[in-house]
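K.L.:
The structure's right below; bear with me while I get my questions together.
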Amino acid sequence: MTNTFRGVAASPGIAIAKAFRFTNTRHVPQKQTISDADAEAGRFRQAVEKAKGEIEEIRQLTETRLGAQKAEIFEAHLFLLEDPDLVDAVLDKVNDEKLNAEYALHEVTEAVVEMLMELDNEMVRERAADVKDISGRLMSHLLGKPYATLTGISEETIILAEDLTPSDTAQLDLNYIRGFVTEIGSRTSHSAIMARSLELPAVVGAGAVSASVADGTLIILDAVEGQVIVDPSEEVLAEYREKKQRYDERREQLKLLAQQPSVSADGVHVELAANIGSIEDLMKVLENGADGVGLFRTEFIYMGRNSFPSEEEQYQIYKHVLEKLDGKRVVIRTLDIGGDKELPYLELPKESNPFLGLRALRLCLEREDLFRTQLRALLRASTSGKLNIMFPMIAVLSELREAKRILGEERAKLEQEGIAVSDAIEVGMMIEIPAAALNADHFAKEVDFFSIGTNDLIQYTMAADRMNESVAYLYQPYHPSILRLVNMVIKAGERAGIWTGMCGEMAGDQTAIPLLLGMGLNEFSMSASSVLPARELVGRLSKQEWASLSEQALTMGTQEEVQQFVEQRSQI
Amino acid sequence: MLSQTYTVIHPSGFHARPTKLFVHAATQFPCKVNLIKGTKKVNGKSSLGLLALGLAKGDEVTLEVDGEREEEALKELGAMLTKIYEE
């Protein structure tokens, strides 16, 4: 009879195969008093040495399979085998309390695991699995029994287990193992992380699955929805075979696309970049093959804490992002606080109209100390990659000039201190205030690039608070008045020989992309998950054709007309 | 004895990799290395000790070094507490 279990989709994919239950029974040893403590200690040391040898083998296997970085977990295991809190603690119990090595190991392991599990941090609690893994291996050696492994499987299988240890996961034979289900664990458990790098479908935390499933039962592992279907009907099975095929094809297609350049059907290159708020977002940027980072919102470094981040802290973060992007463009926006983003420790006076008040660059020019700290950190990091610095919320030229003057001063100071600063940094500004868009001709002569921030540009042009639901109908990104402003900015940039990007929601919007490409936008920065669909779309569009189509769109009177027009034309 | 307090900035806190690197560096020094967070004090040469502190991003941790080459240890190990690691 069909039975369905739900769990956490830890590594996406769909697998259909027979179940195999994997158990590594835990041995709870008897407490014994020994007479020859030296011999007992020697026996334990021997077990440690054997375990080290085995883990070294697993480490090498993982290194060949997944690279040095993934293999490091086993270096950490080797480390544990030298850890005073583990090894010395066991030896102390043997010597001082005359306990047998098995029981001493059991007691120490329990204490360490309990201590780790008490912590209010999921990632650290997961490390308890490492300690159990090591301890189980040591116990097997002390008892002279083999430590059960998954290396012997020789038919297509989905593994069911209470949990998989790091060493279990590292030894999975990908020729036969199609996926796994664990009863406990989370997205951050080691087995989940491994599964993602092996691209092996996995559902974790599925509860008491394995106990109720006999070996050899056919199961569907749907690690997209996070469910396990045991003994499916023919109907469900057929449906899933089709689903699996579609999923695998789509995944292959996107993977190929992630490595391809962003080029229109008529051969025009554009940059499809991603927006990030923290370094945690970088993984998705790289996975989705973005051409760079078009907007790093640095305010998130300042939020959720009680004091300002230091220059050194910021420097480390910027340097890390630049290094990760490995020479691809990274546009870092200076602090944009105020409006809807507050910093309690900044103790700003309440304003009746925060979106029209002292925010972003306006605030930075008022609180120069803050601004200078950030600029120094940015300048110091500039030698680590392709840094672009971007100032937000500029309305008038004097603001831009003031910001550039301060940047120049900080650069000079650093150079005087003998600290290297790249001379290839591009300095640009956001265009999000209609006054700046209308004056773009003048701004273009004094910056290296523009980036249009559509969320604010729409809000300020329409005079409609984007947080206020009663006026939500005025959020109209395709309205001709918005498009005309955008077009003005792009054309002003073109005339001055600088590039123009866009970093609002609109840049990843499938209806807006054809128009923006046609107008001549050079860079589109969006959420990482939109990059590949955007690349696919751009590849189908002719820039030349959309140049004239977008001109037509600019003459229209309402958003509805534009939307209809684009939808009709882009289906061709 | 020397001591100084640092803020952890590694986004996922001190786990496998940072812990391993820190402990490895700490064991190269002859002096005692202790780490203190709140009321908890652990041996900085033990990765289990370090894990037990549960250092997360934004946490303040005090590094205490005592003995031979303590100045050098403070400088090198302190820098390791407030940096971002590849993971």
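Here's how to read the names in the structure tokens: chain A, B, ... by the order shown, residue numbers from 1 in each chain, ligand numbers from 1 in the order shown.
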Show me, as a PDB file with N, CA and C atoms, in the first residue's frame, the residues of chain B whose atoms get within 12 Å of chain A, using only C-alpha atoms for the distance check.

P.N.:
ATOM      1  N   TYR B   6      37.296  40.176  20.516  1.00  0.00           N
ATOM      2  CA  TYR B   6      37.068  40.313  19.066  1.00  0.00           C
ATOM      3  C   TYR B   6      35.608  40.025  18.732  1.00  0.00           C
ATOM      4  N   THR B   7      35.181  40.519  17.567  1.00  0.00           N
ATOM      5  CA  THR B   7      33.830  40.196  17.083  1.00  0.00           C
ATOM      6  C   THR B   7      33.958  39.225  15.913  1.00  0.00           C
ATOM      7  N   VAL B   8      33.196  38.131  15.978  1.00  0.00           N
ATOM      8  CA  VAL B   8      33.230  37.133  14.901  1.00  0.00           C
ATOM      9  C   VAL B   8      32.442  37.654  13.710  1.00  0.00           C
ATOM     10  N   ILE B   9      33.021  37.623  12.502  1.00  0.00           N
ATOM     11  CA  ILE B   9      32.279  38.097  11.329  1.00  0.00           C
ATOM     12  C   ILE B   9      32.026  36.998  10.308  1.00  0.00           C
ATOM     13  N   HIS B  10      32.645  35.828  10.492  1.00  0.00           N
ATOM     14  CA  HIS B  10      32.390  34.750   9.539  1.00  0.00           C
ATOM     15  C   HIS B  10      30.898  34.416   9.559  1.00  0.00           C
ATOM     16  N   PRO B  11      30.236  34.473   8.381  1.00  0.00           N
ATOM     17  CA  PRO B  11      28.774  34.412   8.372  1.00  0.00           C
ATOM     18  C   PRO B  11      28.176  33.184   9.043  1.00  0.00           C
ATOM     19  N   SER B  12      28.787  32.028   8.893  1.00  0.00           N
ATOM     20  CA  SER B  12      28.151  30.852   9.485  1.00  0.00           C
ATOM     21  C   SER B  12      28.758  30.509  10.848  1.00  0.00           C
ATOM     22  N   GLY B  13      29.532  31.424  11.403  1.00  0.00           N
ATOM     23  CA  GLY B  13      30.114  31.167  12.713  1.00  0.00           C
ATOM     24  C   GLY B  13      31.314  30.228  12.636  1.00  0.00           C
ATOM     25  N   PHE B  14      31.769  29.793  13.813  1.00  0.00           N
ATOM     26  CA  PHE B  14      32.957  28.940  13.854  1.00  0.00           C
ATOM     27  C   PHE B  14      32.587  27.465  13.814  1.00  0.00           C
ATOM     28  N   HIS B  15      32.682  26.859  12.633  1.00  0.00           N
ATOM     29  CA  HIS B  15      32.397  25.442  12.508  1.00  0.00           C
ATOM     30  C   HIS B  15      33.629  24.728  11.990  1.00  0.00           C
ATOM     31  N   ALA B  16      33.383  23.640  11.275  1.00  0.00           N
ATOM     32  CA  ALA B  16      34.466  22.764  10.875  1.00  0.00           C
ATOM     33  C   ALA B  16      35.730  23.515  10.448  1.00  0.00           C
ATOM     34  N   ARG B  17      35.601  24.309   9.393  1.00  0.00           N
ATOM     35  CA  ARG B  17      36.812  24.848   8.796  1.00  0.00           C
ATOM     36  C   ARG B  17      37.521  25.895   9.657  1.00  0.00           C
ATOM     37  N   PRO B  18      36.824  26.955  10.052  1.00  0.00           N
ATOM     38  CA  PRO B  18      37.505  27.955  10.886  1.00  0.00           C
ATOM     39  C   PRO B  18      38.053  27.329  12.165  1.00  0.00           C
ATOM     40  N   THR B  19      37.303  26.430  12.750  1.00  0.00           N
ATOM     41  CA  THR B  19      37.731  25.785  13.988  1.00  0.00           C
ATOM     42  C   THR B  19      39.021  25.018  13.765  1.00  0.00           C
ATOM     43  N   LYS B  20      39.044  24.257  12.698  1.00  0.00           N
ATOM     44  CA  LYS B  20      40.219  23.451  12.394  1.00  0.00           C
ATOM     45  C   LYS B  20      41.445  24.340  12.226  1.00  0.00           C
ATOM     46  N   LEU B  21      41.261  25.409  11.423  1.00  0.00           N
ATOM     47  CA  LEU B  21      42.399  26.289  11.162  1.00  0.00           C
ATOM     48  C   LEU B  21      42.865  26.979  12.445  1.00  0.00           C
ATOM     49  N   PHE B  22      41.903  27.382  13.268  1.00  0.00           N
ATOM     50  CA  PHE B  22      42.264  28.067  14.499  1.00  0.00           C
ATOM     51  C   PHE B  22      43.030  27.132  15.438  1.00  0.00           C
ATOM     52  N   VAL B  23      42.478  25.937  15.618  1.00  0.00           N
ATOM     53  CA  VAL B  23      43.107  24.989  16.540  1.00  0.00           C
ATOM     54  C   VAL B  23      44.504  24.617  16.031  1.00  0.00           C
ATOM     55  N   HIS B  24      44.589  24.442  14.736  1.00  0.00           N
ATOM     56  CA  HIS B  24      45.889  24.118  14.158  1.00  0.00           C
ATOM     57  C   HIS B  24      46.904  25.215  14.476  1.00  0.00           C
ATOM     58  N   THR B  27      47.813  25.299  18.303  1.00  0.00           N
ATOM     59  CA  THR B  27      48.705  24.257  18.807  1.00  0.00           C
ATOM     60  C   THR B  27      50.164  24.517  18.418  1.00  0.00           C
ATOM     61  N   LYS B  40      31.515  31.127  29.691  1.00  0.00           N
ATOM     62  CA  LYS B  40      32.156  29.877  29.281  1.00  0.00           C
ATOM     63  C   LYS B  40      33.608  30.106  28.876  1.00  0.00           C
ATOM     64  N   VAL B  42      37.034  28.004  27.380  1.00  0.00           N
ATOM     65  CA  VAL B  42      37.465  26.714  26.842  1.00  0.00           C
ATOM     66  C   VAL B  42      38.923  26.753  26.384  1.00  0.00           C
ATOM     67  N   ASN B  43      39.463  25.566  26.195  1.00  0.00           N
ATOM     68  CA  ASN B  43      40.823  25.412  25.695  1.00  0.00           C
ATOM     69  C   ASN B  43      40.851  25.703  24.184  1.00  0.00           C
ATOM     70  N   GLY B  44      41.596  26.697  23.784  1.00  0.00           N
ATOM     71  CA  GLY B  44      41.660  27.085  22.375  1.00  0.00           C
ATOM     72  C   GLY B  44      42.419  26.104  21.507  1.00  0.00           C
ATOM     73  N   LYS B  45      43.036  25.111  22.137  1.00  0.00           N
ATOM     74  CA  LYS B  45      43.747  24.103  21.357  1.00  0.00           C
ATOM     75  C   LYS B  45      42.878  22.865  21.132  1.00  0.00           C
ATOM     76  N   SER B  46      41.621  22.936  21.559  1.00  0.00           N
ATOM     77  CA  SER B  46      40.685  21.824  21.367  1.00  0.00           C
ATOM     78  C   SER B  46      39.554  22.265  20.451  1.00  0.00           C
ATOM     79  N   SER B  47      39.365  21.523  19.336  1.00  0.00           N
ATOM     80  CA  SER B  47      38.287  21.924  18.436  1.00  0.00           C
ATOM     81  C   SER B  47      36.935  21.682  19.089  1.00  0.00           C
ATOM     82  N   LEU B  48      36.852  20.679  19.963  1.00  0.00           N
ATOM     83  CA  LEU B  48      35.597  20.453  20.682  1.00  0.00           C
ATOM     84  C   LEU B  48      35.305  21.613  21.624  1.00  0.00           C
ATOM     85  N   GLY B  49      36.367  22.092  22.259  1.00  0.00           N
ATOM     86  CA  GLY B  49      36.207  23.239  23.139  1.00  0.00           C
ATOM     87  C   GLY B  49      35.663  24.427  22.367  1.00  0.00           C
ATOM     88  N   LEU B  50      36.248  24.650  21.197  1.00  0.00           N
ATOM     89  CA  LEU B  50      35.852  25.780  20.367  1.00  0.00           C
ATOM     90  C   LEU B  50      34.413  25.627  19.897  1.00  0.00           C
ATOM     91  N   LEU B  51      34.080  24.402  19.487  1.00  0.00           N
ATOM     92  CA  LEU B  51      32.695  24.147  19.054  1.00  0.00           C
ATOM     93  C   LEU B  51      31.723  24.397  20.197  1.00  0.00           C
ATOM     94  N   ALA B  52      32.154  24.013  21.394  1.00  0.00           N
ATOM     95  CA  ALA B  52      31.279  24.149  22.549  1.00  0.00           C
ATOM     96  C   ALA B  52      30.943  25.610  22.836  1.00  0.00           C
ATOM     97  N   LEU B  53      31.818  26.521  22.415  1.00  0.00           N
ATOM     98  CA  LEU B  53      31.514  27.939  22.608  1.00  0.00           C
ATOM     99  C   LEU B  53      30.378  28.367  21.695  1.00  0.00           C
ATOM    100  N   GLY B  54      30.210  27.636  20.584  1.00  0.00           N
ATOM    101  CA  GLY B  54      29.138  27.969  19.646  1.00  0.00           C
ATOM    102  C   GLY B  54      29.275  29.379  19.099  1.00  0.00           C
ATOM    103  N   LEU B  55      30.478  29.741  18.664  1.00  0.00           N
ATOM    104  CA  LEU B  55      30.693  31.100  18.176  1.00  0.00           C
ATOM    105  C   LEU B  55      29.902  31.363  16.902  1.00  0.00           C
ATOM    106  N   ALA B  56      29.019  32.333  16.937  1.00  0.00           N
ATOM    107  CA  ALA B  56      28.215  32.698  15.774  1.00  0.00           C
ATOM    108  C   ALA B  56      28.600  34.099  15.324  1.00  0.00           C
ATOM    109  N   LYS B  57      28.204  34.447  14.121  1.00  0.00           N
ATOM    110  CA  LYS B  57      28.478  35.778  13.580  1.00  0.00           C
ATOM    111  C   LYS B  57      27.956  36.843  14.546  1.00  0.00           C
ATOM    112  N   GLY B  58      28.788  37.836  14.817  1.00  0.00           N
ATOM    113  CA  GLY B  58      28.368  38.912  15.704  1.00  0.00           C
ATOM    114  C   GLY B  58      28.703  38.672  17.165  1.00  0.00           C
ATOM    115  N   ASP B  59      29.125  37.459  17.509  1.00  0.00           N
ATOM    116  CA  ASP B  59      29.480  37.165  18.895  1.00  0.00           C
ATOM    117  C   ASP B  59      30.790  37.844  19.281  1.00  0.00           C
ATOM    118  N   GLU B  60      30.869  38.239  20.546  1.00  0.00           N
ATOM    119  CA  GLU B  60      32.133  38.767  21.049  1.00  0.00           C
ATOM    120  C   GLU B  60      32.846  37.653  21.800  1.00  0.00           C
ATOM    121  N   ALA B  79      43.618  37.706  14.845  1.00  0.00           N
ATOM    122  CA  ALA B  79      43.218  37.995  13.467  1.00  0.00           C
ATOM    123  C   ALA B  79      42.337  36.873  12.920  1.00  0.00           C
ATOM    124  N   MET B  80      42.597  35.647  13.378  1.00  0.00           N
ATOM    125  CA  MET B  80      41.808  34.519  12.877  1.00  0.00           C
ATOM    126  C   MET B  80      40.380  34.522  13.399  1.00  0.00           C
ATOM    127  N   LEU B  81      40.175  35.192  14.518  1.00  0.00           N
ATOM    128  CA  LEU B  81      38.819  35.222  15.084  1.00  0.00           C
ATOM    129  C   LEU B  81      37.928  36.190  14.321  1.00  0.00           C
ATOM    130  N   THR B  82      38.530  37.186  13.708  1.00  0.00           N
ATOM    131  CA  THR B  82      37.709  38.185  13.041  1.00  0.00           C
ATOM    132  C   THR B  82      38.049  38.258  11.563  1.00  0.00           C
ATOM    133  N   LYS B  83      37.859  37.130  10.887  1.00  0.00           N
ATOM    134  CA  LYS B  83      38.011  37.121   9.436  1.00  0.00           C
ATOM    135  C   LYS B  83      36.980  36.203   8.799  1.00  0.00           C
ATOM    136  N   ILE B  84      36.887  36.259   7.476  1.00  0.00           N
ATOM    137  CA  ILE B  84      35.925  35.421   6.766  1.00  0.00           C
ATOM    138  C   ILE B  84      36.668  34.272   6.109  1.00  0.00           C
ATOM    139  N   TYR B  85      36.126  33.081   6.274  1.00  0.00           N
ATOM    140  CA  TYR B  85      36.770  31.898   5.719  1.00  0.00           C
ATOM    141  C   TYR B  85      36.028  31.408   4.478  1.00  0.00           C
ATOM    142  N   GLU B  86      36.766  30.770   3.602  1.00  0.00           N
ATOM    143  CA  GLU B  86      36.159  30.089   2.449  1.00  0.00           C
ATOM    144  C   GLU B  86      35.436  28.860   2.967  1.00  0.00           C
ATOM    145  N   GLU B  87      34.178  28.683   2.582  1.00  0.00           N
ATOM    146  CA  GLU B  87      33.540  27.428   3.013  1.00  0.00           C
ATOM    147  C   GLU B  87      32.742  26.820   1.896  1.00  0.00           C
TER     148      GLU B  87
END

K.L.:
With a distance cut-off of 9 Å and only C-alpha atoms, select the neighbouring residues of stretch 553-570 of chain A, excluding the residue or stretch itself and same-chain residues fewer than 4 positions from it, and output the selection as a count of residues only.

P.N.:
17

K.L.:
With only C-alpha atoms as the counted atoms, please give the residues lying no more than 7 Å from A:Ala17, apart from itself and same-chain residues fewer than 4 positions off, as a list in words.

P.N.:
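Close residues of A:Ala17: Glu156, Thr157, Ile158, Leu218, Ile219 and Ile220 of chain A.
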
K.L.:
Kindly indicate which residue among A:Asn100, A:Thr149, A:Gln171, A:Ser525 lies nearest to A:Ala37, using only C-alpha atoms for the distances.

P.N.:
A:Asn100

K.L.:
Out of stretch 229-356 of chain A, which residues get strand (DSSP E) from DSSP, as a PyMOL selection string?

P.N.:
chain A and resi 229-230+271-276+292-297+329-333

K.L.:
Using only N, CA and C atoms, please write the residues we just selected to a file, as a short mmCIF file (atom, residue, chain, number, x, y, z; two decimals), in the first residue's frame.

P.N.:
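File written: out_26.cif
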data_model
loop_
_atom_site.label_atom_id
_atom_site.label_comp_id
_atom_site.auth_asym_id
_atom_site.auth_seq_id
_atom_site.Cartn_x
_atom_site.Cartn_y
_atom_site.Cartn_z
N ILE A 229 7.50 8.75 -1.42
CA ILE A 229 6.31 7.95 -1.67
C ILE A 229 6.73 6.49 -1.71
N VAL A 230 6.24 5.72 -0.74
CA VAL A 230 6.62 4.32 -0.62
C VAL A 230 5.61 3.46 -1.37
N GLU A 271 25.35 42.55 -19.64
CA GLU A 271 25.75 41.92 -18.39
C GLU A 271 24.50 41.60 -17.60
N LEU A 272 24.34 40.33 -17.23
CA LEU A 272 23.22 39.94 -16.38
C LEU A 272 23.80 39.63 -15.01
N ALA A 273 23.63 40.58 -14.09
CA ALA A 273 24.29 40.48 -12.79
C ALA A 273 23.25 40.20 -11.72
N ALA A 274 23.74 39.97 -10.50
CA ALA A 274 22.83 39.64 -9.40
C ALA A 274 22.95 40.66 -8.27
N ASN A 275 21.85 40.84 -7.55
CA ASN A 275 21.85 41.70 -6.37
C ASN A 275 22.14 40.84 -5.15
N ILE A 276 22.95 41.37 -4.22
CA ILE A 276 23.19 40.63 -2.98
C ILE A 276 23.07 41.57 -1.78
N GLY A 292 28.17 39.03 -12.77
CA GLY A 292 28.80 39.87 -11.76
C GLY A 292 27.78 40.18 -10.68
N VAL A 293 28.17 41.10 -9.78
CA VAL A 293 27.23 41.60 -8.78
C VAL A 293 26.92 43.04 -9.17
N GLY A 294 25.65 43.31 -9.46
CA GLY A 294 25.28 44.64 -9.92
C GLY A 294 24.85 45.55 -8.79
N LEU A 295 24.62 44.94 -7.64
CA LEU A 295 24.24 45.74 -6.47
C LEU A 295 24.54 44.95 -5.21
N PHE A 296 25.46 45.45 -4.41
CA PHE A 296 25.70 44.89 -3.08
C PHE A 296 25.14 45.91 -2.11
N ARG A 297 24.04 45.54 -1.45
CA ARG A 297 23.39 46.46 -0.51
C ARG A 297 24.13 46.38 0.81
N ARG A 329 32.71 41.99 -12.42
CA ARG A 329 32.36 43.28 -11.84
C ARG A 329 31.54 43.13 -10.55
N VAL A 330 31.91 43.93 -9.53
CA VAL A 330 31.13 43.98 -8.30
C VAL A 330 30.79 45.45 -8.01
N VAL A 331 29.51 45.78 -8.06
CA VAL A 331 29.08 47.15 -7.77
C VAL A 331 28.65 47.20 -6.31
N ILE A 332 29.40 47.95 -5.52
CA ILE A 332 29.07 48.06 -4.11
C ILE A 332 28.46 49.43 -3.84
N ARG A 333 27.26 49.41 -3.31
CA ARG A 333 26.56 50.67 -3.03
C ARG A 333 26.89 51.12 -1.62
#

K.L.:
Provide the atom CA of B:Glu76 to atom CA of A:Asp326 distance in Å, to one decimal place.

P.N.:
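Answer for the atom CA of B:Glu76 to atom CA of A:Asp326 separation: 26.6 Å.
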
K.L.:
From a DSSP calculation on the backbone, collect every residue of stretch 32-182 of chain A in helix (DSSP H, G or I) and output the set as a ChimeraX atom specification.

P.N.:
/A:37-66,68-80,84-97,101-117,122-143,166-170

K.L.:
Just want the 8 Å neighbourhood of stretch 402-408 of chain A, counted on only C-alpha atoms, with same-chain residues fewer than 6 positions away dropped. Output as a list in words.

P.N.:
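Once the nearby chain positions are removed, what remains is Leu365, Arg372, Leu375 and Phe391 of chain A.
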
K.L.:
Separation of atom CA of A:Ile177 and atom CA of A:Ile159, in Å?

P.N.:
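Taking atom CA of A:Ile177 and atom CA of A:Ile159, their separation equals 7.2 Å.
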
K.L.:
Which of these, A:Ser382, A:Ser197, A:Thr33, A:Asn439, has the shortest distance to A:Ile419 once you count only C-alpha atoms?

P.N.:
A:Ser382

K.L.:
Name the residues in contact with stretch 345-362 of chain A at a cut-off of 10 Å, using only C-alpha atoms, excluding same-chain residues fewer than 4 positions from it; report them as an NGL selection string.

P.N.:
:A and (299 or 302-303 or 305-308 or 333-341 or 366-368 or 371 or 391-395 or 399-400 or 403 or 456 or 459-460 or 465)

K.L.:
If we count only C-alpha atoms, what is near A:Tyr147 at a cut-off of 10 Å, once residues fewer than 3 positions away on the same chain are taken out, given as a PyMOL selection string?

P.N.:
chain A and resi 24-25+133+136-141+144

K.L.:
Export C-alpha atoms of the chosen residues as a PDB file, in the first residue's frame?

P.N.:
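Wrote again33.pdb, looks like this:
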ATOM      1  CA  ASN A  24      24.914   1.250  12.133  1.00  0.00           C
ATOM      2  CA  THR A  25      23.857  -0.047  15.485  1.00  0.00           C
ATOM      3  CA  ASP A 133      30.982   9.198  13.712  1.00  0.00           C
ATOM      4  CA  GLY A 136      31.481   4.818  16.528  1.00  0.00           C
ATOM      5  CA  ARG A 137      34.557   4.037  14.488  1.00  0.00           C
ATOM      6  CA  LEU A 138      36.769   3.913  17.578  1.00  0.00           C
ATOM      7  CA  MET A 139      34.243   1.687  19.298  1.00  0.00           C
ATOM      8  CA  SER A 140      34.243  -0.770  16.377  1.00  0.00           C
ATOM      9  CA  HIS A 141      38.017  -1.024  16.568  1.00  0.00           C
ATOM     10  CA  GLY A 144      37.199  -5.742  16.824  1.00  0.00           C
TER      11      GLY A 144
END

K.L.:
When you count only C-alpha atoms, which of these residues is closest to A:Pro232: A:Leu99, A:Met506, A:Ile16, A:Ala211?

P.N.:
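Checking each candidate against A:Pro232, we get A:Ile16 as the closest.
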
K.L.:
Can you tell me, as a PyMOL selection string, what residues are no more than 10 Å from A:Ser186 when counting only C-alpha atoms, ignoring any on the same chain fewer than 5 positions away?

P.N.:
chain A and resi 7-10+122-123+126+191-193+203-206

K.L.:
Dump C-alpha atoms for the selected residues as a PDB file, in the first residue's frame?

P.N.:
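Generated output (out02.pdb):
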ATOM      1  CA  GLY A   7      10.563  15.836   5.130  1.00  0.00           C
ATOM      2  CA  VAL A   8      12.898  18.652   4.215  1.00  0.00           C
ATOM      3  CA  ALA A   9      14.091  18.778   0.600  1.00  0.00           C
ATOM      4  CA  ALA A  10      17.800  19.083   1.367  1.00  0.00           C
ATOM      5  CA  GLU A 122      21.950  24.349  14.580  1.00  0.00           C
ATOM      6  CA  MET A 123      25.288  24.244  12.761  1.00  0.00           C
ATOM      7  CA  GLU A 126      25.210  19.140  13.677  1.00  0.00           C
ATOM      8  CA  SER A 191      24.909  14.842   4.855  1.00  0.00           C
ATOM      9  CA  ALA A 192      22.642  17.499   3.306  1.00  0.00           C
ATOM     10  CA  ILE A 193      25.599  19.647   2.327  1.00  0.00           C
ATOM     11  CA  VAL A 203      15.175  14.388   1.862  1.00  0.00           C
ATOM     12  CA  VAL A 204      16.134  14.772   5.504  1.00  0.00           C
ATOM     13  CA  GLY A 205      14.165  14.915   8.731  1.00  0.00           C
ATOM     14  CA  ALA A 206      11.468  12.619   7.326  1.00  0.00           C
TER      15      ALA A 206
END
